[in-house]
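J.: The structure under discussion is supplied below as structure tokens; questions concerning it will follow.
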Amino acid sequence: MDVALFVTQLLVVLGCIVMGTRSSGVGLGLWGGAGVAILVFIFRLVPGAPPVDALLIVLAVVLASSMMQSAGGIDWMVSIAAKLIARNPKQITLVAPLVSFLFSVGAGTSNILYPLLPVIQDLSYRNGVRPSRPLSLSVVATGVALACSPVSAAMAAMVTLTDTAPWNFELVDILKVTIPAAIVGIVLSSIVVNKLGKEIADDPEIQARIASGEIAAPSANAAAVQAEVTVTKEGRNAAIIFLLGVAAIVCFGLFKGLRPLDADGGPIAMTPVIEIVMFVVGTLILVICRPKVSEIPTMSVFKAGMVSAIALFGLAWLTDTFLGAHSEAIAGGVGGLVTAAPWIFALGVFLVCVLTTSQSTATRTIVPIGLAAGIPLGLLTGMWAGAFAGIYLLPTNGSQIAAANFDHSGSTKLGTKLVDHSFFLPSIILAVTTIAAGALFGMVWG
């Protein structure tokens with residue numbers, strides 16, 4: 001192989017990723033597609049396979065999720081989550097991230113966190129807990145949650161990569177590693193994060209705001225804040241239907257005998273199962289809850305999902321084209337390095353998450369390299385999940401900005417030097433603890 005040619009093509013791939021990151025949003029997909037054009041028409045590589053299965057899963061899930069959101073289902077889920085957090089205000093640095101994680105897993109999106117942020121801020125401050133602690137860890141926990149959700153775009157990308165020969169590592173195999181790893185990671189991280197920053201009574205900035213009358217002193221006797229959402233019967237029903245759909249997907253994954261048979265007489269793969277179930281879920285929500293179909297394209301879940309799909313399309317196609325042309329070299333060279341030091345794979349996923357703020361893009365970009373390198377599937381999956389915390393290493397995500405704005409005490413900061421913000425250390429801590437736990441669970445159960 002011509003090393004210079006390989007390096008040049010690799011620089012094209014990395015350059016398109018960097019340019020896509022600078023453009024953000026759909027720009028990721030556009031630059032990915034432009035990179036495919038360069039590799040195919042200039043370097044004469046054979047076009048890789050577009051991630052059709054992953055895209056179809058994303059579209060089906062986004063449609064069902066948007067139907068649920070339009071019917072008020074996410075609002076209902078937020079109201080339940082707020083009540084759970086309010087029950088244990090003194091342990092909010094642990095409870096809030098766990099609740100945010102679980103509801104993001106169920107909804108398949110981290111957008112559910114936004115209405116919870118003022119609830120977390122208010123309850124923590126009134127109970128004398130520095131708000132930056134539960135706020136920062138709750139934000140980061142929703143990133144890892146998407147490695148544990150059967151209906152996230154990242155999981156769609158992962159399943160379509162591993163649920164095929166010769167790996168045959170299915171959805172349930174992934175979940176039995178990622179879910180316990182993430183929970184252990186959140187619990188351990190909450191212990192450390194609960195020590196970050198000064199206590200409210202010892203923080204001169206917060207005390208100065210209290211003294212000036214800008215904010216009130218903490219008072220656990222104040223009336224409990226409520227999440228700013230409207231709860232309806234239709235919303236409750238829509239959420240229940242959606243969550244039952246998620247449960248059905250897990251059941252089909254656990255019990256292969258429930259699935260119809262394919263042409264070879266074996267159970268059909270989970271990819272069409274997820275798509276079918278999500279279409280049924282969306283239809284049931286349409287019939288029972290009567291959301292306005294015309295509003296679906298305006299839903300935040302729909303918009304975010306379409307952006308993710310476009311980014312996934314372009315960048316996944318780009319990396320598949322490059323990896324397909326150099327699979328032997330990567331398996332022999334990079335593969336040997338990754339096999340000798342598997343943490344390099346986790347670092348790769350983490351860094352792509354940092355650069356693109358997209359877990360699905362990181363999955364389609366780095367996981368194929370790990371598979372080609374022969375990393376055991378359980379180990380690979382555990383590290384993959386923890387590395388998702390990387391999307392919050394830089395203070396550029398909407399939920400980080402929202403958390404800082406909701407924190408009237410000023411303890412949650414976005415910083416000025418990229419590494420001095422309130423989410424930097426929680427991102428690293430959760431990544432390390434979840435990767436370690438995931439590697440352990442992966443080696444035992446994978």
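Residue numbering restarts at 1 for every chain of the structure tokens, chains are lettered A, B, ... in their displayed order, and ligands are numbered from 1 as they appear.
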Taking only residues of segment 272-333 of chain A that have an atom at most 10 Å from an atom of segment 235-238 of chain A, what is each one's shortest atom pair and its distance in Å to one decimal, using only C-alpha atoms, in chain and number order, as a Markdown table?
T.:
| residue | atom | partner | partner_atom | distance |
| --- | --- | --- | --- | --- |
| A:Val281 | CA | A:Ala238 | CA | 8.9 |
| A:Gly282 | CA | A:Ala238 | CA | 9.0 |
| A:Leu284 | CA | A:Ala238 | CA | 8.4 |
| A:Ile285 | CA | A:Ala238 | CA | 5.5 |
| A:Leu286 | CA | A:Ala238 | CA | 8.8 |
| A:Ile288 | CA | A:Asn237 | CA | 8.0 |
| A:Cys289 | CA | A:Ala238 | CA | 6.3 |
| A:Arg290 | CA | A:Ala238 | CA | 9.5 |
| A:Pro291 | CA | A:Ala238 | CA | 9.3 |
J.: Using only C-alpha atoms, determine which residues lie at most 10 Å from Gln121 of chain A, disregarding the query and same-chain residues fewer than 6 positions distant; provide the list as a PyMOL selection string.
T.: chain A and resi 92+129-135+225+403-404+406-409+412
J.: Hey, can you spit out that residue selection with N, CA and C atoms as a compact mmCIF listing (two decimals), in the first residue's frame?
T.:
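Generated output (selection.txt):
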# COMPACT_ATOMS: atom_id res chain seq x y z
N ILE A 92 -29.80 15.02 45.85
CA ILE A 92 -30.13 15.43 44.49
C ILE A 92 -28.96 15.25 43.52
N VAL A 129 -27.51 22.61 48.53
CA VAL A 129 -26.58 21.89 47.67
C VAL A 129 -26.16 22.80 46.52
N ARG A 130 -24.88 22.90 46.28
CA ARG A 130 -24.38 23.74 45.19
C ARG A 130 -25.03 23.28 43.88
N PRO A 131 -25.82 24.13 43.20
CA PRO A 131 -26.57 23.70 42.01
C PRO A 131 -25.72 23.15 40.89
N SER A 132 -24.49 23.62 40.76
CA SER A 132 -23.64 23.15 39.66
C SER A 132 -23.38 21.66 39.72
N ARG A 133 -23.45 21.08 40.90
CA ARG A 133 -23.17 19.65 41.04
C ARG A 133 -24.23 18.79 40.37
N PRO A 134 -25.50 18.86 40.80
CA PRO A 134 -26.51 18.02 40.13
C PRO A 134 -26.79 18.46 38.70
N LEU A 135 -26.69 19.77 38.43
CA LEU A 135 -26.96 20.23 37.06
C LEU A 135 -25.93 19.69 36.08
N VAL A 225 -40.83 24.12 43.37
CA VAL A 225 -41.00 24.55 42.00
C VAL A 225 -41.55 23.41 41.15
N ALA A 403 -28.46 25.04 31.28
CA ALA A 403 -28.21 24.78 32.70
C ALA A 403 -27.55 25.98 33.35
N ALA A 404 -26.58 26.57 32.66
CA ALA A 404 -25.90 27.74 33.22
C ALA A 404 -26.86 28.93 33.35
N PHE A 406 -30.14 28.78 33.76
CA PHE A 406 -31.15 28.52 34.79
C PHE A 406 -30.58 28.64 36.20
N ASP A 407 -29.28 28.51 36.35
CA ASP A 407 -28.67 28.55 37.68
C ASP A 407 -28.49 30.00 38.14
N HIS A 408 -29.48 30.50 38.86
CA HIS A 408 -29.46 31.90 39.30
C HIS A 408 -28.39 32.16 40.35
N SER A 409 -27.87 31.11 40.97
CA SER A 409 -26.82 31.30 41.96
C SER A 409 -25.49 31.62 41.30
N THR A 412 -23.02 27.44 38.22
CA THR A 412 -22.81 26.68 36.99
C THR A 412 -22.27 27.63 35.93
J.: Within 9 Å of Ile85 of chain A, counting only C-alpha atoms, which residues qualify if same-chain residues fewer than 6 places away don't, as a PyMOL selection string?
T.: chain A and resi 91-92+95-96+99+119-120+123
J.: Could you turn the residues from that selection into a file that holds N, CA and C atoms, as an mmCIF file, in the first residue's frame?
T.:
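For reference, again.cif as written:
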data_model
loop_
_atom_site.group_PDB
_atom_site.id
_atom_site.type_symbol
_atom_site.label_atom_id
_atom_site.label_comp_id
_atom_site.auth_asym_id
_atom_site.auth_seq_id
_atom_site.Cartn_x
_atom_site.Cartn_y
_atom_site.Cartn_z
ATOM 1 N N GLN A 91 -30.326 14.272 48.423
ATOM 2 C CA GLN A 91 -29.459 13.409 47.615
ATOM 3 C C GLN A 91 -29.557 13.770 46.134
ATOM 4 N N ILE A 92 -29.801 15.022 45.852
ATOM 5 C CA ILE A 92 -30.132 15.432 44.495
ATOM 6 C C ILE A 92 -28.961 15.245 43.522
ATOM 7 N N VAL A 95 -29.688 11.606 42.718
ATOM 8 C CA VAL A 95 -31.031 11.307 42.221
ATOM 9 C C VAL A 95 -31.310 12.008 40.888
ATOM 10 N N ALA A 96 -30.974 13.282 40.782
ATOM 11 C CA ALA A 96 -31.273 14.024 39.551
ATOM 12 C C ALA A 96 -30.574 13.428 38.329
ATOM 13 N N VAL A 99 -32.360 10.029 37.488
ATOM 14 C CA VAL A 99 -33.684 10.229 36.896
ATOM 15 C C VAL A 99 -33.545 10.779 35.471
ATOM 16 N N VAL A 119 -36.065 22.813 37.797
ATOM 17 C CA VAL A 119 -36.462 22.027 38.973
ATOM 18 C C VAL A 119 -35.219 21.593 39.741
ATOM 19 N N ILE A 120 -34.233 21.083 39.036
ATOM 20 C CA ILE A 120 -33.001 20.636 39.686
ATOM 21 C C ILE A 120 -32.292 21.807 40.350
ATOM 22 N N LEU A 123 -34.426 22.992 43.585
ATOM 23 C CA LEU A 123 -34.416 22.042 44.700
ATOM 24 C C LEU A 123 -33.035 21.934 45.326
#
J.: Please indicate the distance in Å from atom CA of Ser23 of chain A to atom CA of Ser149 of chain A, rounded to one decimal place.
T.: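 One can read the atom CA of Ser23 of chain A to atom CA of Ser149 of chain A distance as 27.7 Å.
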J.: Using only C-alpha atoms, which residue out of A:Ser100, A:Thr434, A:Ser427, A:Ser399 lies closest to Val78 of chain A?
T.: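 Of all the options, A:Ser100 lies closest to Val78 of chain A.
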J.: Would you list the contacts of Ser79 of chain A as a PDB file with N, CA and C atoms, in the first residue's frame, taking every protein, DNA or RNA residue within 12 Å and counting only C-alpha atoms, but skipping same-chain residues closer than 2 positions in sequence?
T.:
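selection_32.pdb written:
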ATOM      1  N   GLY A  72     -48.071  15.528  23.818  1.00  0.00           N
ATOM      2  CA  GLY A  72     -47.821  15.928  25.211  1.00  0.00           C
ATOM      3  C   GLY A  72     -47.147  14.849  26.035  1.00  0.00           C
ATOM      4  N   GLY A  73     -46.638  13.809  25.377  1.00  0.00           N
ATOM      5  CA  GLY A  73     -46.043  12.705  26.115  1.00  0.00           C
ATOM      6  C   GLY A  73     -44.768  13.064  26.844  1.00  0.00           C
ATOM      7  N   ILE A  74     -43.916  13.864  26.212  1.00  0.00           N
ATOM      8  CA  ILE A  74     -42.668  14.255  26.871  1.00  0.00           C
ATOM      9  C   ILE A  74     -42.951  15.149  28.066  1.00  0.00           C
ATOM     10  N   ASP A  75     -43.968  16.019  27.964  1.00  0.00           N
ATOM     11  CA  ASP A  75     -44.359  16.852  29.102  1.00  0.00           C
ATOM     12  C   ASP A  75     -44.796  15.986  30.284  1.00  0.00           C
ATOM     13  N   TRP A  76     -45.546  14.936  29.990  1.00  0.00           N
ATOM     14  CA  TRP A  76     -45.997  14.037  31.069  1.00  0.00           C
ATOM     15  C   TRP A  76     -44.800  13.337  31.706  1.00  0.00           C
ATOM     16  N   MET A  77     -43.854  12.881  30.896  1.00  0.00           N
ATOM     17  CA  MET A  77     -42.670  12.228  31.431  1.00  0.00           C
ATOM     18  C   MET A  77     -41.854  13.192  32.282  1.00  0.00           C
ATOM     19  N   ALA A  81     -40.743  12.811  36.221  1.00  0.00           N
ATOM     20  CA  ALA A  81     -39.334  12.909  36.596  1.00  0.00           C
ATOM     21  C   ALA A  81     -39.129  13.980  37.662  1.00  0.00           C
ATOM     22  N   ALA A  82     -39.813  15.119  37.522  1.00  0.00           N
ATOM     23  CA  ALA A  82     -39.683  16.198  38.507  1.00  0.00           C
ATOM     24  C   ALA A  82     -40.147  15.748  39.894  1.00  0.00           C
ATOM     25  N   LYS A  83     -41.216  14.974  39.943  1.00  0.00           N
ATOM     26  CA  LYS A  83     -41.710  14.470  41.229  1.00  0.00           C
ATOM     27  C   LYS A  83     -40.717  13.509  41.866  1.00  0.00           C
ATOM     28  N   LEU A  84     -40.090  12.674  41.066  1.00  0.00           N
ATOM     29  CA  LEU A  84     -39.106  11.727  41.602  1.00  0.00           C
ATOM     30  C   LEU A  84     -37.904  12.466  42.180  1.00  0.00           C
ATOM     31  N   ILE A  85     -37.458  13.500  41.493  1.00  0.00           N
ATOM     32  CA  ILE A  85     -36.318  14.277  41.983  1.00  0.00           C
ATOM     33  C   ILE A  85     -36.672  14.997  43.275  1.00  0.00           C
ATOM     34  N   ALA A  86     -37.901  15.537  43.348  1.00  0.00           N
ATOM     35  CA  ALA A  86     -38.323  16.308  44.512  1.00  0.00           C
ATOM     36  C   ALA A  86     -38.451  15.456  45.769  1.00  0.00           C
ATOM     37  N   VAL A  99     -32.360  10.029  37.488  1.00  0.00           N
ATOM     38  CA  VAL A  99     -33.684  10.229  36.896  1.00  0.00           C
ATOM     39  C   VAL A  99     -33.545  10.779  35.471  1.00  0.00           C
ATOM     40  N   SER A 100     -32.652  11.738  35.280  1.00  0.00           N
ATOM     41  CA  SER A 100     -32.427  12.290  33.933  1.00  0.00           C
ATOM     42  C   SER A 100     -31.955  11.202  32.987  1.00  0.00           C
ATOM     43  N   PHE A 103     -34.999   8.632  32.193  1.00  0.00           N
ATOM     44  CA  PHE A 103     -36.023   9.172  31.299  1.00  0.00           C
ATOM     45  C   PHE A 103     -35.455   9.447  29.908  1.00  0.00           C
ATOM     46  N   ILE A 112     -35.404  15.754  26.889  1.00  0.00           N
ATOM     47  CA  ILE A 112     -36.301  15.706  28.038  1.00  0.00           C
ATOM     48  C   ILE A 112     -35.724  16.467  29.228  1.00  0.00           C
ATOM     49  N   LEU A 113     -34.426  16.731  29.201  1.00  0.00           N
ATOM     50  CA  LEU A 113     -33.772  17.369  30.349  1.00  0.00           C
ATOM     51  C   LEU A 113     -34.122  18.842  30.493  1.00  0.00           C
ATOM     52  N   PRO A 115     -36.786  20.922  30.488  1.00  0.00           N
ATOM     53  CA  PRO A 115     -37.744  21.400  31.484  1.00  0.00           C
ATOM     54  C   PRO A 115     -37.391  21.000  32.909  1.00  0.00           C
ATOM     55  N   LEU A 116     -36.494  20.021  33.066  1.00  0.00           N
ATOM     56  CA  LEU A 116     -36.103  19.586  34.404  1.00  0.00           C
ATOM     57  C   LEU A 116     -35.033  20.481  35.014  1.00  0.00           C
ATOM     58  N   VAL A 119     -36.065  22.813  37.797  1.00  0.00           N
ATOM     59  CA  VAL A 119     -36.462  22.027  38.973  1.00  0.00           C
ATOM     60  C   VAL A 119     -35.219  21.593  39.741  1.00  0.00           C
ATOM     61  N   VAL A 225     -40.826  24.115  43.373  1.00  0.00           N
ATOM     62  CA  VAL A 225     -41.002  24.553  42.000  1.00  0.00           C
ATOM     63  C   VAL A 225     -41.555  23.406  41.155  1.00  0.00           C
ATOM     64  N   GLN A 226     -42.321  23.737  40.184  1.00  0.00           N
ATOM     65  CA  GLN A 226     -42.882  22.722  39.293  1.00  0.00           C
ATOM     66  C   GLN A 226     -42.276  22.878  37.906  1.00  0.00           C
ATOM     67  N   ALA A 227     -42.120  21.761  37.233  1.00  0.00           N
ATOM     68  CA  ALA A 227     -41.647  21.829  35.855  1.00  0.00           C
ATOM     69  C   ALA A 227     -42.671  22.592  35.016  1.00  0.00           C
ATOM     70  N   GLU A 228     -42.180  23.471  34.148  1.00  0.00           N
ATOM     71  CA  GLU A 228     -43.073  24.305  33.348  1.00  0.00           C
ATOM     72  C   GLU A 228     -43.597  23.521  32.146  1.00  0.00           C
ATOM     73  N   VAL A 229     -44.510  22.608  32.419  1.00  0.00           N
ATOM     74  CA  VAL A 229     -45.105  21.786  31.368  1.00  0.00           C
ATOM     75  C   VAL A 229     -46.602  21.664  31.627  1.00  0.00           C
ATOM     76  N   THR A 230     -47.330  21.347  30.579  1.00  0.00           N
ATOM     77  CA  THR A 230     -48.766  21.124  30.687  1.00  0.00           C
ATOM     78  C   THR A 230     -49.034  19.629  30.570  1.00  0.00           C
ATOM     79  N   VAL A 231     -49.632  19.063  31.609  1.00  0.00           N
ATOM     80  CA  VAL A 231     -49.881  17.632  31.647  1.00  0.00           C
ATOM     81  C   VAL A 231     -51.324  17.354  31.235  1.00  0.00           C
ATOM     82  N   THR A 232     -51.499  16.449  30.275  1.00  0.00           N
ATOM     83  CA  THR A 232     -52.830  16.100  29.797  1.00  0.00           C
ATOM     84  C   THR A 232     -53.000  14.586  29.764  1.00  0.00           C
ATOM     85  N   GLY A 235     -51.342  13.251  26.704  1.00  0.00           N
ATOM     86  CA  GLY A 235     -49.903  13.156  26.875  1.00  0.00           C
ATOM     87  C   GLY A 235     -49.508  11.919  27.656  1.00  0.00           C
ATOM     88  N   ARG A 236     -50.253  11.654  28.725  1.00  0.00           N
ATOM     89  CA  ARG A 236     -49.983  10.443  29.516  1.00  0.00           C
ATOM     90  C   ARG A 236     -50.133   9.195  28.659  1.00  0.00           C
ATOM     91  N   ALA A 239     -47.258   8.826  26.126  1.00  0.00           N
ATOM     92  CA  ALA A 239     -46.010   8.383  26.756  1.00  0.00           C
ATOM     93  C   ALA A 239     -46.068   6.901  27.097  1.00  0.00           C
TER      94      ALA A 239
END
